[in-house]
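A.B. asks: Got a structure here, written out as structure tokens. Questions coming.
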Amino acid sequence: MSTQTLAPSELLAAMAGGDQRALDALYRDWSRKVRVFAHAKLLRCGLDADAIAGEVTVDVFHDLWLAPLRYDGRVEFSTWLLTLTRNKTVDQIRRHGKRQAAEEALDADGVLEQEAAADLETAPDPQALQESAQRRAAVLSCLRRLRNPLQRESLTLWALEDLSVLDIARIQDAPEGTVKTRLFHGRLNLRQCMERWLVREGGRHG
Amino acid sequence: MDEQQRLLERLPDYLNGHVAGEDARRIGALLQSDAAWQAQAELLADVRDAVGAQMAAMDSDAGLDELRRRIATPLAAPSPPAPLAGTPAGPRPARRRAWWQRFVGIRLIPGFAPAIMATLAAVCVVQGWMLGGAPDSGLAWRNAPLSVAAPAANLRVRFAAEASLAQVEATLFQAHARIVSGPQGSQRYLLQAEDAAAALAQLRASAVVVEASAIPAGPAAPLP
């Protein structure tokens with residue numbers, strides 16, 4: 001059976017029949033999204049985000065292998081998988097005795113991300129990199145340093161898989177309006193962080 | 001809520017293709033004409049690019065070997081099942097067992113069963129040897145009856161109130177009788193004598209006996 005063009009639900013059905021190639025295909029298709037999302041969730045929790053994101057990824061797919069038919073198609077596979085990932089990540093944070101980074105009051109006035117600015121000091125040397133690569137690095141750095149972790153999580157989910165606000169709300173177990181607000185204020189904070197970066201880079205080159 | 005603000009909050013959905021109809025037309029027009037809207041869309045595009053680049057930098061096979069290894073060893077403790085999508089239950093916290101549960105959980109018995117049984121057997125052997133080697137004290141075990149029948153009384157006697165203990169003893173000695181029960185009311189005693197008739201005659205002759213009579217044979221007299 002070729003697994004190249006199969007939909008997730010078909011791969012899950014094949015896995016239910018014990019086909020490990022289907023698991024491999026599903027893993028190759030989805031593991032990076034799972035890992036990136038887990039990583040974003042683990043940032044600023046005081047844990048080794050890289051290592052634990054890898055652990056969560058394996059854990060998620062191991063669960064899928066054990067019970068592939070748990071996915072019943074009521075929601076999009078991506079929504080379901082990322083919900084599973086989120087729950088596993090929260091489990092890991094608690095298992096390691098850490099607190100999740102708490103959601104802070106919304107920065108209605110657009111307070112600058114001071115830590116992001118400090119972090120950007122260690123960003124890759126712009127002289128040595130392409131402009132787009134610099135910009136991506138700056139965006140990632142600003143994203144990682146967002147003070148509100150749920151803003152970071154919402155923006156990451158939005159960018160990962162063309163998810164709708166409703167899907168993100170399902171994953172985060174939050175009202176749709178709350179997710180809209182998180183995305184909106186997340187953008188504001190990100191833009192201010194980026195503007196600060198651009199000013200500094202302009203000064204460095206000017 | 002301001003209409004522009006409402007539409008701005010729908011921008012992420014619009015960019016991901018989840019807005020249709022009039023809202024989609026208006027957002028499209030704003031993106032064409034408004035520089036602030038263009039900047040917002042550009043920022044979201046930057047986020048998408050950055051996250052995409054982060055994914056692209058990852059090896060899609062990373063962790064696959066670990067996953068295969070875990071599947072190949074089914075005895076490895078699996079993680080607890082996660083809640084279904086659509087029913088986004090909160091994650092289950094890892095429960096720490098109480099100290100007594102952990103203590104009970106220490107499975108000593110299977111591993112140490114031979115040692116424990118050998119120790120108990122050794123204790124039995126030593127105790128048996130000690131009992132067998134104990135010096136003979138000459139004591140013999142005897143069965144003891146579970147109930148003791150009171151001797152049957154065959155005389156009833158009432159001593160004088162002023163009679164001394166010595167006088168009573170002397171009278172009983174002469175009559176070859178002994179007290180079975182008493183004193184009952186009015187200094188009455190029940191006696192047992194081998195020869196009831198002779199004893200009765202002896203008692204009646206005594207100065208300290210006020211009254212004496214024979215008890216007809218029947219069931220044993222009750223204990224006091």
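Please note that chains go A, B, ... in the order of the structure tokens, that every chain numbers its residues from 1, and that ligands are numbered from 1 in the order shown.
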Taking only C-alpha atoms into account and nothing else, which residues of chain A lie no more than 6 Å away from chain B? Please answer as a PDB file with N, CA and C atoms, in the first residue's frame.

C.D. replies:
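Okay, this is what ended up in result_19.pdb:
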ATOM      1  N   ARG A  28       5.934  11.487   9.588  1.00  0.00           N
ATOM      2  CA  ARG A  28       6.701  12.397   8.711  1.00  0.00           C
ATOM      3  C   ARG A  28       5.856  13.600   8.301  1.00  0.00           C
ATOM      4  N   ARG A  32       6.567  17.480  12.728  1.00  0.00           N
ATOM      5  CA  ARG A  32       7.206  18.792  12.871  1.00  0.00           C
ATOM      6  C   ARG A  32       6.232  19.825  13.420  1.00  0.00           C
ATOM      7  N   VAL A  58       7.014  12.189  20.396  1.00  0.00           N
ATOM      8  CA  VAL A  58       7.026  10.721  20.376  1.00  0.00           C
ATOM      9  C   VAL A  58       5.832  10.175  21.156  1.00  0.00           C
ATOM     10  N   TRP A  80      -7.625  18.064  16.204  1.00  0.00           N
ATOM     11  CA  TRP A  80      -7.596  16.953  17.170  1.00  0.00           C
ATOM     12  C   TRP A  80      -6.162  16.656  17.609  1.00  0.00           C
ATOM     13  N   ASN A  87      -2.457  18.904  25.381  1.00  0.00           N
ATOM     14  CA  ASN A  87      -2.686  18.210  26.655  1.00  0.00           C
ATOM     15  C   ASN A  87      -1.432  17.469  27.114  1.00  0.00           C
ATOM     16  N   ARG A  95       4.347  17.316  35.140  1.00  0.00           N
ATOM     17  CA  ARG A  95       5.150  16.170  35.608  1.00  0.00           C
ATOM     18  C   ARG A  95       6.525  16.625  36.061  1.00  0.00           C
ATOM     19  N   ARG A 136      13.048  36.708   9.689  1.00  0.00           N
ATOM     20  CA  ARG A 136      12.431  35.510  10.291  1.00  0.00           C
ATOM     21  C   ARG A 136      12.985  35.268  11.697  1.00  0.00           C
ATOM     22  N   LEU A 140      10.768  35.233  15.041  1.00  0.00           N
ATOM     23  CA  LEU A 140      10.770  34.094  15.965  1.00  0.00           C
ATOM     24  C   LEU A 140      11.203  34.522  17.359  1.00  0.00           C
ATOM     25  N   ALA A 159      -0.360  30.073  12.495  1.00  0.00           N
ATOM     26  CA  ALA A 159       0.617  29.966  11.412  1.00  0.00           C
ATOM     27  C   ALA A 159       0.898  28.517  11.027  1.00  0.00           C
ATOM     28  N   ASP A 162      -3.120  26.720   8.943  1.00  0.00           N
ATOM     29  CA  ASP A 162      -4.293  27.400   8.384  1.00  0.00           C
ATOM     30  C   ASP A 162      -5.534  27.190   9.238  1.00  0.00           C
ATOM     31  N   SER A 164      -8.637  27.916  11.703  1.00  0.00           N
ATOM     32  CA  SER A 164      -9.542  29.043  11.934  1.00  0.00           C
ATOM     33  C   SER A 164      -9.478  29.428  13.414  1.00  0.00           C
ATOM     34  N   LYS A 180      -9.600  35.619  19.530  1.00  0.00           N
ATOM     35  CA  LYS A 180      -9.469  36.793  18.655  1.00  0.00           C
ATOM     36  C   LYS A 180      -8.660  37.881  19.360  1.00  0.00           C
TER      37      LYS A 180
END

A.B. asks: Which residues come within 10 Å of Leu42 of chain A, counting only C-alpha atoms, excluding same-chain residues fewer than 5 positions away, as a VMD selection string?

C.D. replies: chain A and resid 36 to 37 47 to 50 52 to 53 86 89 to 90 92 to 93 100 to 101 149 153

A.B. asks: Write out as a VMD selection string which residues come within 12 Å of Ala7 of chain A when counting only C-alpha atoms, dropping same-chain ones fewer than 2 positions away.

C.D. replies: chain A and resid 2 to 5 9 to 14 22 25 to 26 29 to 30 73 76 to 78

A.B. asks: Compile the contact shell of segment 177-182 of chain B as an mmCIF file with N, CA and C atoms, in the first residue's frame: residues with an atom at most 10 Å away, counting only C-alpha atoms, same-chain residues fewer than 2 positions apart removed.

C.D. replies:
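Dumped everything to around00.cif:
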data_model
loop_
_atom_site.group_PDB
_atom_site.id
_atom_site.type_symbol
_atom_site.label_atom_id
_atom_site.label_comp_id
_atom_site.auth_asym_id
_atom_site.auth_seq_id
_atom_site.Cartn_x
_atom_site.Cartn_y
_atom_site.Cartn_z
ATOM 1 N N ALA B 150 -20.619 -31.071 92.039
ATOM 2 C CA ALA B 150 -20.577 -30.863 93.495
ATOM 3 C C ALA B 150 -20.968 -32.184 94.191
ATOM 4 N N PRO B 151 -20.286 -32.518 95.331
ATOM 5 C CA PRO B 151 -20.672 -33.749 96.041
ATOM 6 C C PRO B 151 -22.114 -33.641 96.560
ATOM 7 N N ALA B 152 -22.778 -34.733 96.524
ATOM 8 C CA ALA B 152 -24.194 -34.715 96.906
ATOM 9 C C ALA B 152 -24.335 -34.580 98.426
ATOM 10 N N ALA B 153 -25.135 -33.636 98.843
ATOM 11 C CA ALA B 153 -25.382 -33.456 100.294
ATOM 12 C C ALA B 153 -26.500 -34.413 100.727
ATOM 13 N N ASN B 154 -26.345 -34.978 101.897
ATOM 14 C CA ASN B 154 -27.413 -35.874 102.378
ATOM 15 C C ASN B 154 -27.937 -35.479 103.769
ATOM 16 N N LEU B 155 -27.393 -34.356 104.281
ATOM 17 C CA LEU B 155 -27.871 -33.885 105.586
ATOM 18 C C LEU B 155 -28.043 -32.368 105.554
ATOM 19 N N ARG B 156 -28.986 -31.927 106.346
ATOM 20 C CA ARG B 156 -29.137 -30.481 106.474
ATOM 21 C C ARG B 156 -29.071 -30.179 107.976
ATOM 22 N N VAL B 157 -28.292 -29.195 108.342
ATOM 23 C CA VAL B 157 -28.082 -28.952 109.764
ATOM 24 C C VAL B 157 -28.107 -27.448 110.030
ATOM 25 N N GLU B 169 -16.389 -27.549 114.160
ATOM 26 C CA GLU B 169 -15.418 -28.487 113.576
ATOM 27 C C GLU B 169 -15.449 -29.836 114.332
ATOM 28 N N THR B 171 -17.865 -31.137 116.060
ATOM 29 C CA THR B 171 -19.123 -31.849 115.802
ATOM 30 C C THR B 171 -19.064 -32.554 114.444
ATOM 31 N N LEU B 172 -18.571 -31.847 113.477
ATOM 32 C CA LEU B 172 -18.477 -32.444 112.125
ATOM 33 C C LEU B 172 -17.501 -33.620 112.125
ATOM 34 N N PHE B 173 -16.413 -33.476 112.899
ATOM 35 C CA PHE B 173 -15.414 -34.532 112.959
ATOM 36 C C PHE B 173 -16.011 -35.794 113.589
ATOM 37 N N GLN B 174 -16.788 -35.578 114.617
ATOM 38 C CA GLN B 174 -17.385 -36.726 115.302
ATOM 39 C C GLN B 174 -18.442 -37.400 114.430
ATOM 40 N N ALA B 175 -19.123 -36.620 113.666
ATOM 41 C CA ALA B 175 -20.193 -37.197 112.830
ATOM 42 C C ALA B 175 -19.650 -37.721 111.491
ATOM 43 N N GLN B 184 -26.319 -21.154 104.588
ATOM 44 C CA GLN B 184 -27.505 -20.589 103.951
ATOM 45 C C GLN B 184 -28.213 -19.752 105.011
ATOM 46 N N GLY B 185 -29.423 -19.461 104.819
ATOM 47 C CA GLY B 185 -30.116 -18.625 105.800
ATOM 48 C C GLY B 185 -30.227 -19.304 107.161
ATOM 49 N N GLN B 187 -28.060 -19.903 109.627
ATOM 50 C CA GLN B 187 -26.938 -20.783 109.987
ATOM 51 C C GLN B 187 -27.139 -22.207 109.520
ATOM 52 N N ARG B 188 -27.821 -22.376 108.418
ATOM 53 C CA ARG B 188 -28.049 -23.721 107.885
ATOM 54 C C ARG B 188 -26.909 -24.098 106.950
ATOM 55 N N TYR B 189 -26.517 -25.372 107.029
ATOM 56 C CA TYR B 189 -25.465 -25.905 106.160
ATOM 57 C C TYR B 189 -25.961 -27.213 105.566
ATOM 58 N N LEU B 190 -25.445 -27.506 104.432
ATOM 59 C CA LEU B 190 -25.701 -28.825 103.822
ATOM 60 C C LEU B 190 -24.446 -29.650 104.032
ATOM 61 N N LEU B 191 -24.629 -30.856 104.500
ATOM 62 C CA LEU B 191 -23.482 -31.722 104.819
ATOM 63 C C LEU B 191 -23.543 -32.991 104.008
ATOM 64 N N GLN B 192 -22.386 -33.586 103.928
ATOM 65 C CA GLN B 192 -22.317 -34.888 103.253
ATOM 66 C C GLN B 192 -21.595 -35.845 104.203
ATOM 67 N N ALA B 193 -22.206 -36.928 104.448
ATOM 68 C CA ALA B 193 -21.618 -37.930 105.372
ATOM 69 C C ALA B 193 -21.687 -39.304 104.725
ATOM 70 N N GLU B 194 -20.679 -40.132 105.019
ATOM 71 C CA GLU B 194 -20.683 -41.470 104.399
ATOM 72 C C GLU B 194 -21.857 -42.303 104.962
ATOM 73 N N ASP B 195 -22.027 -42.156 106.242
ATOM 74 C CA ASP B 195 -23.165 -42.881 106.859
ATOM 75 C C ASP B 195 -24.135 -41.819 107.369
ATOM 76 N N ALA B 196 -25.118 -41.562 106.599
ATOM 77 C CA ALA B 196 -26.025 -40.452 106.887
ATOM 78 C C ALA B 196 -26.803 -40.680 108.197
ATOM 79 N N ALA B 199 -24.498 -40.301 111.200
ATOM 80 C CA ALA B 199 -24.094 -38.902 111.309
ATOM 81 C C ALA B 199 -25.251 -38.061 111.839
ATOM 82 N N LEU B 200 -26.457 -38.376 111.335
ATOM 83 C CA LEU B 200 -27.625 -37.629 111.780
ATOM 84 C C LEU B 200 -27.838 -37.808 113.292
ATOM 85 N N LEU B 203 -25.193 -35.826 115.139
ATOM 86 C CA LEU B 203 -25.448 -34.367 115.081
ATOM 87 C C LEU B 203 -26.575 -33.969 116.046
ATOM 88 N N ALA B 221 -26.778 -31.460 94.867
ATOM 89 C CA ALA B 221 -27.130 -30.147 95.373
ATOM 90 C C ALA B 221 -26.440 -29.056 94.568
ATOM 91 N N PRO B 222 -27.114 -27.993 94.368
ATOM 92 C CA PRO B 222 -26.494 -26.907 93.570
ATOM 93 C C PRO B 222 -25.360 -26.221 94.333
ATOM 94 N N LEU B 223 -24.417 -25.765 93.559
ATOM 95 C CA LEU B 223 -23.312 -25.004 94.165
ATOM 96 C C LEU B 223 -23.832 -23.663 94.656
ATOM 97 N N PRO B 224 -23.243 -23.151 95.695
ATOM 98 C CA PRO B 224 -23.713 -21.858 96.180
ATOM 99 C C PRO B 224 -23.435 -20.761 95.175
#

A.B. asks: At what distance in Å, to one decimal, does atom CA of Arg196 of chain A lie from atom CA of Ser132 of chain A?

C.D. replies: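 According to the coordinates, atom CA of Ser132 of chain A and atom CA of Arg196 of chain A are separated by 16.9 Å.
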
A.B. asks: Which residue is closest to Leu160 of chain A? Choose from A:Thr181, A:Ser31, A:Gln20, A:Thr57 and count only C-alpha atoms.

C.D. replies: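 Checking each of A:Thr181, A:Ser31, A:Gln20, A:Thr57 against Leu160 of chain A, counting only C-alpha atoms, the winner is A:Ser31.
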
A.B. asks: For atom CA of Phe159 of chain B and atom CA of Ala198 of chain B, determine how far apart the two atoms are, in Å to one decimal place.

C.D. replies: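 That distance, rounded to one decimal, is 17.8 Å.
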